[in-house]
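Asks: Provided herewith is a single structure, encoded as structure tokens, for subsequent inquiry.
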Amino acid sequence: MKRSIIFCIFSLILISTACNFSTPKPPYEVVQNLVGDSAMVVAEHPLAAQVGKEILQAGGNAVDAAIATQFALAVVHPRAGNIGGGGFMVIRLADGTVDALDYREKAPALATRDMYLDENGNVEESLSKEGHLAVGVPGTVAGMEQAYMKYSKLKDWKALLAPAIHLAEDGFAITESEASRLNEYKSQFQKANPDPIPFVQEAVWKMNDKLVQSDLANTLKLISENGSMGFYQGETADKIESEMKRGGGLISLEDLKNYEAKWRKPVVGNYKNYRIITMPPPSSGGIVLMQILTMLQRFPLKNYGFQSIKSVHAIVEAERRAYADRAKYLGDSDFYYVPVDSLLDTTYLNTKMADFDSMKATPSAVLGPQVKIGVESYETTHTSIVDQTGNAVSVTTTLNLNYGSKVIVQGAGFFLNDEMDDFSAKPGVPNYFGLIGAEANAIQPGKRMLSSMTPTIVEKDGKLFMVLGAPGGSTIITAVLQTLLGVTDYGMNLDQAVWAPRFHHQWLPDVITCEEAAIDTTVRKQLWAMGYKLENVSRMALIKAVMVLPDGKLQGVGDNRNPDDHACGF
Ligand code: GLY
């Protein structure tokens, strides 16, 4: 259960640029299950979670903590935390107000629908995943500024940047998992970046090696001094443009100047006696999650039992149908009509489940052509926060794949995303996550690519109950679903629900992917007999969640699949 907290302590809390801020010494003792009296931050790196907690202790609210954590993650978790990518933030204030912020990347103005096709009309797969052409116009800095302007309590932007600047400038000790990733990606970094970068060194990286990012510190200082103008205009924008010219990318100064984060109306729906508040398009997460939950309403999952044959069958069939709708209908609603209300309509969803056969799998092929599976990956990062007054933030952010396009903006010190791969490069051809799409998610200048990120907040009886989300590509949605069902239907504690083995179905490819322990041998045999194919994967999405306990205390849980997930609270 609860491991002792003793994670080295930042000396003093500081809330000014001139603050006196000391970085903990390794090794970090990671806490993945913690109960706090009044506030909680769960993030994908101990230093970033600690930054969020200290902002709360200094009088910031959950949004302030989310902003500071995001900037800290951009330093200490460079493979997904970012200023060169984008994300989504779902907010529920203590008074019940809900909101959703979209700071997803956009296709550059010069992007074209067929930009990743060769002369024979075939997708050149590497172009949308690696190098300069894979980069969407970054949204993170604009998103953080929007969140700050609308909801900050601290009203001290520089204070929110200060910890990240400190970590970049003075360096920090990397974790074992970061060391192993930096070694793994060394040749890709070198290929994409002819000049020296801080992530490449001659020696093999080891845990506790110090990573100093001076260029990134300077970029963060420009953002600290000038807000989003310090990123989208002036020195940093010029460096991004030069980087694009160097590598044949498309992003222009105009694209950067024109980027806007947008406030959206969250997807809100009911599941049993819970109210779910989650992300609308351009994420598919909220709609797909609510579709699956609504299709499952009629099934007595609790009576069926956790990961019993009946439970797995019902959940997989609901997932299959929802992901089929995802491919057909979902995209950026600013560019393509997404019939959100119709897709979430209970009658419609019951009709979709009308052909559910309790004895047999429904073949996905009846809904479209078979495609090969993409290799699953776990990039992206999530933070869940509840503050002392009950405000809650669920925020997921990404560069897409690990370290995004692998391209560093020379002289500015940050990785650029490869989010363009989340568009449908060609109808019916799967992206990295094996997801396929149609016209709704075709590439257009200025459009945002469809996402699976599912930052979610749950109410029970009108009160805040859970905050959750995850990295994990297409498995994010089903991981959020299964964590939720673990608590709402299967009577689990939050830690049991987050740590329970998981399975996933996304319509195409027509296979249940699962962690080995998720489905036992007896159930596997029954599933085979019903027509299912199964494929084991080593792990799925990495949930970070906070739950309000019956006594009002907060339980924060990181995913035990990830050694760096960390819960911090008080
Ligand atoms: N790049 C992964 C996602 O947005 O779903």
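By order of appearance in the structure tokens: chains A, B, ..., then residues from 1 within every chain, and ligands from 1 in the order shown.
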Do you know which residues are within 8 Å of ligand 1 using only C-alpha atoms and all ligand atoms? Can you write them as number ranges by chain?
Replies: A: 87, 283, 379-380, 397-401, 419, 421-422, 449-453, 471-474, 476
Asks: For the residues in that selection, give me all heavy atoms as a compact mmCIF listing (two decimals), in the first residue's frame.
Replies:
# COMPACT_ATOMS: atom_id res chain seq x y z
N GLY A 87 -1.85 20.08 -25.78
CA GLY A 87 -2.60 19.25 -24.83
C GLY A 87 -4.00 19.76 -24.57
O GLY A 87 -4.50 20.64 -25.28
N SER A 283 -10.32 16.25 -29.25
CA SER A 283 -10.00 14.93 -28.71
C SER A 283 -11.18 14.00 -28.98
O SER A 283 -12.34 14.43 -28.89
CB SER A 283 -9.75 14.97 -27.21
OG SER A 283 -9.36 13.67 -26.82
N GLU A 379 3.76 7.30 -24.85
CA GLU A 379 4.21 8.67 -24.66
C GLU A 379 3.04 9.53 -24.21
O GLU A 379 1.97 9.02 -23.95
CB GLU A 379 4.84 9.16 -25.97
CG GLU A 379 6.06 8.36 -26.37
CD GLU A 379 5.72 7.05 -27.03
OE1 GLU A 379 4.54 6.77 -27.24
OE2 GLU A 379 6.65 6.29 -27.33
N THR A 380 3.24 10.85 -24.18
CA THR A 380 2.24 11.76 -23.63
C THR A 380 2.40 11.75 -22.11
O THR A 380 3.06 10.88 -21.56
CB THR A 380 0.81 11.34 -24.06
OG1 THR A 380 0.75 11.32 -25.48
CG2 THR A 380 -0.27 12.23 -23.52
N THR A 397 -0.91 16.23 -21.78
CA THR A 397 -0.12 16.99 -22.74
C THR A 397 0.84 16.06 -23.46
O THR A 397 1.22 15.02 -22.91
CB THR A 397 0.62 18.14 -22.02
OG1 THR A 397 1.36 18.89 -22.97
CG2 THR A 397 1.59 17.61 -21.00
N THR A 398 1.25 16.44 -24.67
CA THR A 398 2.00 15.47 -25.48
C THR A 398 2.87 16.13 -26.54
O THR A 398 2.59 17.24 -26.99
CB THR A 398 1.01 14.50 -26.17
OG1 THR A 398 1.75 13.47 -26.80
CG2 THR A 398 0.13 15.17 -27.17
N LEU A 399 3.92 15.36 -26.91
CA LEU A 399 4.68 15.65 -28.13
C LEU A 399 4.34 14.61 -29.18
O LEU A 399 4.98 14.52 -30.22
CB LEU A 399 6.19 15.58 -27.83
CG LEU A 399 6.80 16.71 -27.01
CD1 LEU A 399 8.18 16.30 -26.50
CD2 LEU A 399 6.91 17.98 -27.84
N ASN A 400 3.40 13.75 -28.90
CA ASN A 400 3.03 12.54 -29.63
C ASN A 400 4.00 11.43 -29.25
O ASN A 400 3.93 10.91 -28.15
CB ASN A 400 2.93 12.73 -31.14
CG ASN A 400 2.19 11.55 -31.78
OD1 ASN A 400 1.40 10.89 -31.11
ND2 ASN A 400 2.46 11.26 -33.03
N LEU A 401 4.93 11.03 -30.09
CA LEU A 401 5.81 9.93 -29.73
C LEU A 401 6.90 10.42 -28.78
O LEU A 401 7.03 11.63 -28.57
CB LEU A 401 6.43 9.32 -31.00
CG LEU A 401 5.40 8.88 -32.04
CD1 LEU A 401 6.09 8.22 -33.22
CD2 LEU A 401 4.38 7.94 -31.44
N GLU A 419 3.09 15.65 -33.98
CA GLU A 419 1.65 15.45 -33.83
C GLU A 419 0.93 15.30 -35.17
O GLU A 419 -0.21 14.82 -35.21
CB GLU A 419 1.06 16.64 -33.06
CG GLU A 419 -0.03 16.26 -32.11
CD GLU A 419 0.48 15.46 -30.93
OE1 GLU A 419 1.30 15.97 -30.16
OE2 GLU A 419 0.06 14.31 -30.79
N ASP A 421 1.21 13.16 -37.19
CA ASP A 421 0.87 11.75 -37.41
C ASP A 421 -0.51 11.40 -36.86
O ASP A 421 -1.07 10.35 -37.20
CB ASP A 421 1.92 10.84 -36.77
CG ASP A 421 1.73 9.38 -37.17
OD1 ASP A 421 1.73 9.11 -38.39
OD2 ASP A 421 1.53 8.52 -36.29
N ASP A 422 -1.08 12.27 -36.02
CA ASP A 422 -2.42 11.99 -35.51
C ASP A 422 -3.51 12.37 -36.52
O ASP A 422 -4.69 12.08 -36.30
CB ASP A 422 -2.65 12.71 -34.18
CG ASP A 422 -2.12 11.89 -33.00
OD1 ASP A 422 -1.81 10.70 -33.20
OD2 ASP A 422 -2.02 12.44 -31.90
N MET A 449 -5.35 18.07 -35.20
CA MET A 449 -5.42 16.62 -35.43
C MET A 449 -6.18 15.95 -34.28
O MET A 449 -6.12 16.39 -33.14
CB MET A 449 -4.01 16.03 -35.59
CG MET A 449 -3.01 16.32 -34.50
SD MET A 449 -2.56 18.07 -34.23
CE MET A 449 -1.48 18.45 -35.58
N LEU A 450 -6.87 14.87 -34.62
CA LEU A 450 -7.67 14.16 -33.62
C LEU A 450 -6.75 13.51 -32.58
O LEU A 450 -5.68 13.01 -32.92
CB LEU A 450 -8.51 13.08 -34.32
CG LEU A 450 -9.56 12.37 -33.48
CD1 LEU A 450 -10.62 13.33 -32.97
CD2 LEU A 450 -10.22 11.25 -34.29
N SER A 451 -7.21 13.51 -31.34
CA SER A 451 -6.41 12.96 -30.24
C SER A 451 -7.21 11.89 -29.49
O SER A 451 -8.43 11.81 -29.61
CB SER A 451 -6.06 14.10 -29.28
OG SER A 451 -5.47 13.61 -28.11
N SER A 452 -6.49 11.10 -28.71
CA SER A 452 -7.16 10.16 -27.78
C SER A 452 -7.04 10.62 -26.34
O SER A 452 -7.49 9.92 -25.43
CB SER A 452 -6.53 8.77 -27.89
OG SER A 452 -6.74 8.24 -29.16
N MET A 453 -6.42 11.77 -26.11
CA MET A 453 -6.20 12.19 -24.72
C MET A 453 -7.55 12.42 -24.03
O MET A 453 -8.45 13.02 -24.60
CB MET A 453 -5.34 13.45 -24.69
CG MET A 453 -3.92 13.18 -25.19
SD MET A 453 -2.79 14.55 -24.94
CE MET A 453 -3.24 15.62 -26.29
N PRO A 471 -1.25 9.03 -20.15
CA PRO A 471 -0.64 8.87 -21.46
C PRO A 471 -0.89 7.45 -21.94
O PRO A 471 -1.23 6.58 -21.14
CB PRO A 471 0.86 9.07 -21.17
CG PRO A 471 1.03 8.62 -19.75
CD PRO A 471 -0.29 8.86 -19.05
N GLY A 472 -0.70 7.20 -23.24
CA GLY A 472 -0.86 5.82 -23.71
C GLY A 472 -1.53 5.69 -25.06
O GLY A 472 -2.15 4.66 -25.34
N GLY A 473 -1.47 6.75 -25.89
CA GLY A 473 -2.01 6.65 -27.24
C GLY A 473 -3.47 6.21 -27.21
O GLY A 473 -4.27 6.67 -26.39
N SER A 474 -3.78 5.31 -28.11
CA SER A 474 -5.18 4.90 -28.25
C SER A 474 -5.70 4.14 -27.04
O SER A 474 -6.92 3.98 -26.88
CB SER A 474 -5.33 4.03 -29.50
OG SER A 474 -4.41 2.95 -29.43
N ILE A 476 -5.46 5.17 -24.02
CA ILE A 476 -5.80 6.11 -22.94
C ILE A 476 -7.28 5.96 -22.58
O ILE A 476 -7.66 5.87 -21.40
CB ILE A 476 -5.53 7.57 -23.37
CG1 ILE A 476 -4.04 7.83 -23.55
CG2 ILE A 476 -6.12 8.54 -22.35
CD1 ILE A 476 -3.71 9.21 -24.14
Asks: Set the distance at 12 Å and use only C-alpha atoms: which residues neighbour A:Tyr304 once local chain neighbours fewer than 3 positions away are removed? I'd like the list as a list in words.
Replies: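 Here the qualifying residues turn out to be Phe299, Pro300, Leu301, Gln307, Ser308, Ile309, Lys310, Ser311, Val312, His313, Ala314, Ile315, Asp489 and Tyr490 of chain A.
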Asks: Which one is closest to A:Lys262: A:Met229, A:Ala142, A:Ala179, A:Val288? Count only C-alpha atoms.
Replies: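 Comparing A:Met229, A:Ala142, A:Ala179, A:Val288 against A:Lys262, the winner is A:Ala142.
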Asks: Do a neighbour search on stretch 173-176 of chain A at 12 Å with only C-alpha atoms, toss out local chain neighbours closer than 4 positions, and write the hits as a ChimeraX atom specification.
Replies: /A:23-30,44-47,75-78,167-168,180-183,199,204-212,562-565
Asks: Which distance in Å separates atom CA of A:Leu494 and atom CA of A:Ile276, to one decimal?
Replies: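 Taking atom CA of A:Leu494 and atom CA of A:Ile276, their separation equals 16.6 Å.
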Asks: Could you go through stretch 209-429 of chain A and tell me which residues DSSP, when run on the backbone, assigns to strand (DSSP E), listing them as a list in words?
Replies: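 Taking stretch 209-429 of chain A and keeping strand (DSSP E) gives Lys210, Leu211, Lys262, Trp263, Arg264, Val267, Val268, Gly269, Asn270, Tyr271, Tyr274, Arg275, Ile276, Ile277, Thr278, Thr381, His382, Thr383, Ser384, Ile385, Val386, Ala392, Val393, Ser394, Val395, Thr396, Thr397 and Thr398 of chain A.
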Asks: Could you turn the residues from that selection into a file that holds N, CA, C and O atoms, as an mmCIF file, in the first residue's frame?
Replies:
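So out_36.cif came out as:
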data_model
loop_
_atom_site.group_PDB
_atom_site.id
_atom_site.type_symbol
_atom_site.label_atom_id
_atom_site.label_comp_id
_atom_site.auth_asym_id
_atom_site.auth_seq_id
_atom_site.Cartn_x
_atom_site.Cartn_y
_atom_site.Cartn_z
ATOM 1 N N LYS A 210 23.526 14.432 -14.307
ATOM 2 C CA LYS A 210 22.880 15.756 -14.273
ATOM 3 C C LYS A 210 22.562 16.217 -15.695
ATOM 4 O O LYS A 210 23.425 16.150 -16.570
ATOM 5 N N LEU A 211 21.347 16.657 -15.881
ATOM 6 C CA LEU A 211 20.940 17.196 -17.189
ATOM 7 C C LEU A 211 20.721 18.702 -17.040
ATOM 8 O O LEU A 211 19.835 19.141 -16.300
ATOM 9 N N LYS A 262 -7.992 27.416 -27.347
ATOM 10 C CA LYS A 262 -9.439 27.690 -27.347
ATOM 11 C C LYS A 262 -10.127 27.072 -26.138
ATOM 12 O O LYS A 262 -9.853 25.920 -25.784
ATOM 13 N N TRP A 263 -11.051 27.827 -25.576
ATOM 14 C CA TRP A 263 -11.923 27.273 -24.542
ATOM 15 C C TRP A 263 -13.042 26.517 -25.222
ATOM 16 O O TRP A 263 -13.623 27.012 -26.188
ATOM 17 N N ARG A 264 -13.323 25.327 -24.758
ATOM 18 C CA ARG A 264 -14.370 24.486 -25.347
ATOM 19 C C ARG A 264 -15.375 24.106 -24.267
ATOM 20 O O ARG A 264 -15.062 24.133 -23.077
ATOM 21 N N VAL A 267 -17.408 17.759 -22.755
ATOM 22 C CA VAL A 267 -18.412 16.703 -22.885
ATOM 23 C C VAL A 267 -18.825 16.322 -21.461
ATOM 24 O O VAL A 267 -17.965 16.026 -20.615
ATOM 25 N N VAL A 268 -20.117 16.388 -21.201
ATOM 26 C CA VAL A 268 -20.621 16.059 -19.861
ATOM 27 C C VAL A 268 -21.727 15.024 -20.019
ATOM 28 O O VAL A 268 -22.627 15.185 -20.846
ATOM 29 N N GLY A 269 -21.640 13.952 -19.253
ATOM 30 C CA GLY A 269 -22.675 12.922 -19.346
ATOM 31 C C GLY A 269 -22.782 12.140 -18.053
ATOM 32 O O GLY A 269 -21.919 12.258 -17.167
ATOM 33 N N ASN A 270 -23.837 11.354 -17.954
ATOM 34 C CA ASN A 270 -24.056 10.586 -16.735
ATOM 35 C C ASN A 270 -23.776 9.107 -16.959
ATOM 36 O O ASN A 270 -24.081 8.564 -18.017
ATOM 37 N N TYR A 271 -23.181 8.507 -15.971
ATOM 38 C CA TYR A 271 -23.037 7.052 -15.945
ATOM 39 C C TYR A 271 -23.472 6.603 -14.553
ATOM 40 O O TYR A 271 -22.839 6.955 -13.553
ATOM 41 N N TYR A 274 -23.026 8.771 -11.443
ATOM 42 C CA TYR A 274 -21.831 9.597 -11.601
ATOM 43 C C TYR A 274 -22.024 10.556 -12.768
ATOM 44 O O TYR A 274 -22.689 10.226 -13.745
ATOM 45 N N ARG A 275 -21.419 11.724 -12.664
ATOM 46 C CA ARG A 275 -21.432 12.688 -13.763
ATOM 47 C C ARG A 275 -19.992 12.807 -14.265
ATOM 48 O O ARG A 275 -19.065 13.066 -13.469
ATOM 49 N N ILE A 276 -19.826 12.605 -15.555
ATOM 50 C CA ILE A 276 -18.487 12.577 -16.140
ATOM 51 C C ILE A 276 -18.265 13.888 -16.904
ATOM 52 O O ILE A 276 -19.084 14.256 -17.749
ATOM 53 N N ILE A 277 -17.156 14.544 -16.618
ATOM 54 C CA ILE A 277 -16.810 15.794 -17.314
ATOM 55 C C ILE A 277 -15.494 15.511 -18.051
ATOM 56 O O ILE A 277 -14.486 15.188 -17.416
ATOM 57 N N THR A 278 -15.516 15.623 -19.365
ATOM 58 C CA THR A 278 -14.341 15.173 -20.094
ATOM 59 C C THR A 278 -14.142 15.997 -21.371
ATOM 60 O O THR A 278 -14.869 16.956 -21.606
ATOM 61 N N THR A 381 1.825 12.715 -21.434
ATOM 62 C CA THR A 381 1.905 12.691 -19.973
ATOM 63 C C THR A 381 0.670 13.360 -19.369
ATOM 64 O O THR A 381 0.034 14.204 -20.007
ATOM 65 N N HIS A 382 0.319 12.949 -18.163
ATOM 66 C CA HIS A 382 -0.906 13.441 -17.532
ATOM 67 C C HIS A 382 -0.621 13.890 -16.101
ATOM 68 O O HIS A 382 0.200 13.302 -15.409
ATOM 69 N N THR A 383 -1.371 14.903 -15.671
ATOM 70 C CA THR A 383 -1.305 15.361 -14.280
ATOM 71 C C THR A 383 -2.729 15.533 -13.748
ATOM 72 O O THR A 383 -3.579 16.113 -14.431
ATOM 73 N N SER A 384 -2.969 15.012 -12.554
ATOM 74 C CA SER A 384 -4.263 15.204 -11.885
ATOM 75 C C SER A 384 -4.031 15.996 -10.603
ATOM 76 O O SER A 384 -3.130 15.664 -9.823
ATOM 77 N N ILE A 385 -4.871 17.017 -10.400
ATOM 78 C CA ILE A 385 -4.651 17.923 -9.255
ATOM 79 C C ILE A 385 -5.981 18.265 -8.586
ATOM 80 O O ILE A 385 -6.976 18.543 -9.263
ATOM 81 N N VAL A 386 -5.983 18.251 -7.247
ATOM 82 C CA VAL A 386 -7.092 18.838 -6.481
ATOM 83 C C VAL A 386 -6.458 19.785 -5.459
ATOM 84 O O VAL A 386 -5.484 19.420 -4.796
ATOM 85 N N ALA A 392 -10.457 21.304 -9.172
ATOM 86 C CA ALA A 392 -9.794 20.128 -9.738
ATOM 87 C C ALA A 392 -9.365 20.402 -11.171
ATOM 88 O O ALA A 392 -10.071 21.065 -11.931
ATOM 89 N N VAL A 393 -8.189 19.897 -11.525
ATOM 90 C CA VAL A 393 -7.678 20.009 -12.897
ATOM 91 C C VAL A 393 -7.174 18.651 -13.351
ATOM 92 O O VAL A 393 -6.461 17.964 -12.631
ATOM 93 N N SER A 394 -7.566 18.307 -14.567
ATOM 94 C CA SER A 394 -7.107 17.075 -15.202
ATOM 95 C C SER A 394 -6.471 17.508 -16.518
ATOM 96 O O SER A 394 -7.146 18.069 -17.380
ATOM 97 N N VAL A 395 -5.173 17.293 -16.672
ATOM 98 C CA VAL A 395 -4.491 17.866 -17.835
ATOM 99 C C VAL A 395 -3.577 16.827 -18.475
ATOM 100 O O VAL A 395 -2.780 16.189 -17.803
ATOM 101 N N THR A 396 -3.744 16.652 -19.778
ATOM 102 C CA THR A 396 -2.906 15.710 -20.525
ATOM 103 C C THR A 396 -2.196 16.484 -21.620
ATOM 104 O O THR A 396 -2.810 17.310 -22.310
ATOM 105 N N THR A 397 -0.914 16.229 -21.777
ATOM 106 C CA THR A 397 -0.121 16.988 -22.741
ATOM 107 C C THR A 397 0.845 16.056 -23.457
ATOM 108 O O THR A 397 1.219 15.020 -22.910
ATOM 109 N N THR A 398 1.249 16.437 -24.669
ATOM 110 C CA THR A 398 2.001 15.472 -25.476
ATOM 111 C C THR A 398 2.868 16.126 -26.539
ATOM 112 O O THR A 398 2.587 17.240 -26.994
#
Asks: At a cut-off of 9 Å, using only C-alpha atoms, what residues contact A:Gly486? Leave out same-chain residues fewer than 3 positions from it and give the result as a list in words.
Replies: Phe306, Leu481, Gln482, Thr483, Asp489, Tyr490, Gly491, Met492, Asn493, Leu494, Gln496, Ala497, Val498 and Ala500 of chain A
